Protein chains: 2
Amino acid sequence: MRGLHVGAGIVQYREDLQTPPAAPGECRVRVVQAGVCATDLALVRGYMGFEGVPGHEFVGRAVDGPLAGRRVVGEINAACGTCVDCRTSRGRHCTARTVLGILGRSGAFAEELVLPTSNLLPVPDGVSDAAATFVEPLAAARHILDQVDVRPGMRALVVGDGRLGLLCGASLQLAGADVHFAGRHPDRVDRLGLPMAWLDAPAPKSFDLVVEASGRPETFELALASVRPLGTLVLKTTTERAAPLDLTPLVVDEITLVGSRCGPFAPALAWLAEGRIPVENLVDARFPLQEGAAALDRAGRRGTLKVLLEVDGS
Amino acid sequence: MRGLHVGAGIVQYREDLQTPPAAPGECRVRVVQAGVCATDLALVRGYMGFEGVPGHEFVGRAVDGPLAGRRVVGEINAACGTCVDCRTSRGRHCTARTVLGILGRSGAFAEELVLPTSNLLPVPDGVSDAAATFVEPLAAARHILDQVDVRPGMRALVVGDGRLGLLCGASLQLAGADVHFAGRHPDRVDRLGLPMAWLDAPAPKSFDLVVEASGRPETFELALASVRPLGTLVLKTTTERAAPLDLTPLVVDEITLVGSRCGPFAPALAWLAEGRIPVENLVDARFPLQEGAAALDRAGRRGTLKVLLEVDGS
């Protein structure tokens with residue numbers, strides 16, 4: 001099949017890739033569109049020693065199984081189903097899991113992918129292909145609401161105005177929080193048409209909830225310093241290296257730091273079906289699959305929000 | 001009055017110290033005994049730019065106010081009572097607060113101290129002077145139970161077997177957790193006579209709850225690596241410098257990191273009154289006030305648990 005292959009820091013468009021094999025309980029999916037995420041760019045740089053087809057944000061059409069012929073999205077963590085994590089509803093944290101396009105499972109930047117049937121959800125008709133590619137990052141952003149008791153009027157700050165940061169801010173805003181941003185691009189805050197404010201210099205210790213979504217270790221200190229005593233800091237992004245951090249304010253001000261990764265797809269898909277967040281506004285460029293290397297390059301350029309790959313028919 | 005004075009890295013026993021003035025709503029307390037804490041040693045090294053009388057673990061006798069003549073202990077944070085933190089029950093985090101022997105308030109290593117009347121609690125007759133000096137650190141340790149839902153059978157690991165670590169382990173054990181220790185002194189685990197286990201090498205990702213109580217940045221990584229996915233890490237001690245930390249596992253495994261400082265005195269005092277924890281077993285040495293410099297020196301020596309200062313009558 002056709003697809004992008006990443007290995008040893010090189011991105012190649014190839015037409016000779018093996019179609020991934022489907023195990024019992026798994027479905028084949030023809031990819032329609034895929035979104036480029038910061039994690040994909042990190043994988044190219046060697047994060048997690050990745051080699052293979054990257055890509056985990058997608059909309060496609062199920063080839064077989066109960067959803068055959070329907071448009072689908074799919075949760076990216078494929079759990080073993082039998083270990084202690086799986087038996088205690090921690091399947092997303094199964095230590096034997098594979099992760100689409102990230103860990104031990106061929107990804108979405110190719111004509112076909114395979115996921116457990118139970119990971120797939122049908123996409124409602126009113127949700128465009130472009131919007132559907134945002135289900136995965138929106139689910140990750142909205143997951144903050146599963147972890148933190150976000151209440152109307154709560155003062156929230158999102159540090160980082162990239163793709164994920166904007167979706168985090170939107171999720172908090174939809175939950176009723178009073179959302180502020182600190183980052184590098186004041187103009188982006190209006191891109192989603194939601195009432196969110198820009199701050200050049202957030203006042204220290206003044207936010208009930210701060211979300212660090214920049215992926216840059218040097219902004220962690222600003223994020224931590226902005227939380228009020230007994231407040232909450234959500235860490236939404238990993239960094240690729242250890243950085244000198246002073247956690248003293250966390251102890252003295254008794255702040256809770258919440259690590260946050262992926263979230264459930266269903267509520268995010270419902271938001272998209274209800275048109276609550278115009279995620280298409282974040283799309284800056286579209287590339288056909290064969291120009292995938294250029295797509296990743298563009299996604300990594302400063303100022304770019306979302307880049308989509310048109311896989312089917314490209 | 002007589003007392004210990006710290007400034008510019010020097011500890012001096014002096015007989016010419018000013019008795020601290022009492023404001024309206026404050027009580028004078030004659031100190032009977034005081035305990036030396038790691039924070040006191042850090043203050044001597046220059047932590048927080050401290051100058052004055054240190055000491056915040058004490059038992060004394062109220063000189064005036066409604067508890068006049070009675071043995072008392074006292075919460076160490078003196079809040080302003082009027083700011084937004086105070087009005088929203090976050091008085092311990094009042095930004096205008098003073099802290100006994102730590103921040104803007106003369107401490108317990110002297111004949112007399114002053115605290116707001118509302119900070120003082122009478123000590124039940126059955127609690128010895130030595131045990132009463134442990135109320136403050138025990139309250140800080142037991143505070144984990146206010147912050148984390150500790151359930152019977154929960155697998156807990158305490159990293160750090162110093163004074164505070166042992167009290168944290170004891171608090172978790174009394175709440176029904178299955179408590180393990182990692183540290184440098186296997187023999188200490190039995191010191192409190194509670195069923196707690198020693199581990200040379202804790203298995204990674206295998207504890208529901210981990211408490212970092214060593215104060216050493218280099219053990220943070222061990223503590224974080226020991227938490228299971230979706231588990232909790234309590235950070236109980238500050239370090240005196242920033243250290244390179246990799247928070248990636250916190251995000252990937254969605255761990256919650258809880259900063260924890262002081263706790264309420266009443267439940268800790270109740271535990272002491274009920275004889276639940278034989279804290280006196282942790283006392284390694286007692287010094288009269290005039291030998292305070294030697295007491296601090298001894299407290300900082302490897303292998304020492306608690307050092308008490310006999311203030312009254314010494």
# chains A, B, ... in the order shown; residues from 1 in each chain; ligands from 1

call {"tool": "interface_residues", "arguments": {"of": "chain A", "to": "chain B", "cutoff": "10 Å", "atoms": "only C-alpha atoms", "output": "PyMOL selection string"}}
result
chain A and resi 85+90+92-95+147+205+217+228-230+232-262

call {"tool": "select_by_dssp", "arguments": {"residues": "region 9-200 of chain B", "states": "alpha helix (DSSP H)", "output": "PyMOL selection string"}}
result
chain B and resi 38-44+84-87+129-132+135-142+144-147+163-174

call {"tool": "select_by_dssp", "arguments": {"residues": "region 84-272 of chain A", "states": "strand (DSSP E)", "output": "MDAnalysis selection string"}}
result
chainID A and resid 98:100 104:105 112:116 120:122 155:159 178:182 197:198 207:212 227:235 243:245 256:259

call {"tool": "atom_distance", "arguments": {"atom1": "CA of Cys27 (chain A)", "atom2": "CA of Gly3 (chain A)"}}
result
18.6 Å

call {"tool": "closest_residue", "arguments": {"among": "A:Val31, A:Glu221, A:Glu51, A:Pro186", "to": "Val63 (chain A)", "atoms": "only C-alpha atoms"}}
result
A:Val31

call {"tool": "residues_around", "arguments": {"residues": "region 177-185 of chain A", "least_positions_apart": "2", "cutoff": "10 Å", "atoms": "only C-alpha atoms", "output": "ChimeraX atom specification"}}
result
/A:150-162,165-166,168-175,187-189,194-202,207-214,219,222-223,302-303

call {"tool": "closest_residue", "arguments": {"among": "B:Glu291, B:Ala131, B:Leu305, B:Thr88", "to": "Gly275 (chain B)", "atoms": "only C-alpha atoms"}}
result
B:Ala131

call {"tool": "residues_around", "arguments": {"residues": "Asn77 (chain B)", "least_positions_apart": "2", "cutoff": "8 Å", "atoms": "only C-alpha atoms", "output": "list in words"}}
result
Glu75, Ala79, Arg92, Arg97, Thr98, Val99 and Leu100 of chain B

call {"tool": "atom_distance", "arguments": {"atom1": "CA of Val114 (chain A)", "atom2": "CA of Val127 (chain A)"}}
result
22.3 Å

call {"tool": "residues_around", "arguments": {"residues": "Val72 (chain B)", "least_positions_apart": "2", "cutoff": "6 Å", "atoms": "only C-alpha atoms", "output": "list in words"}}
result
Val59, Gly60, Arg61, Leu121, Pro122 and Val123 of chain B

call {"tool": "atom_distance", "arguments": {"atom1": "CA of Gly107 (chain B)", "atom2": "CA of Ala140 (chain B)"}}
result
17.9 Å

call {"tool": "residues_around", "arguments": {"residues": "Ala266 (chain B)", "least_positions_apart": "5", "cutoff": "9 Å", "atoms": "only C-alpha atoms", "output": "ChimeraX atom specification"}}
result
/B:121,135,139,271
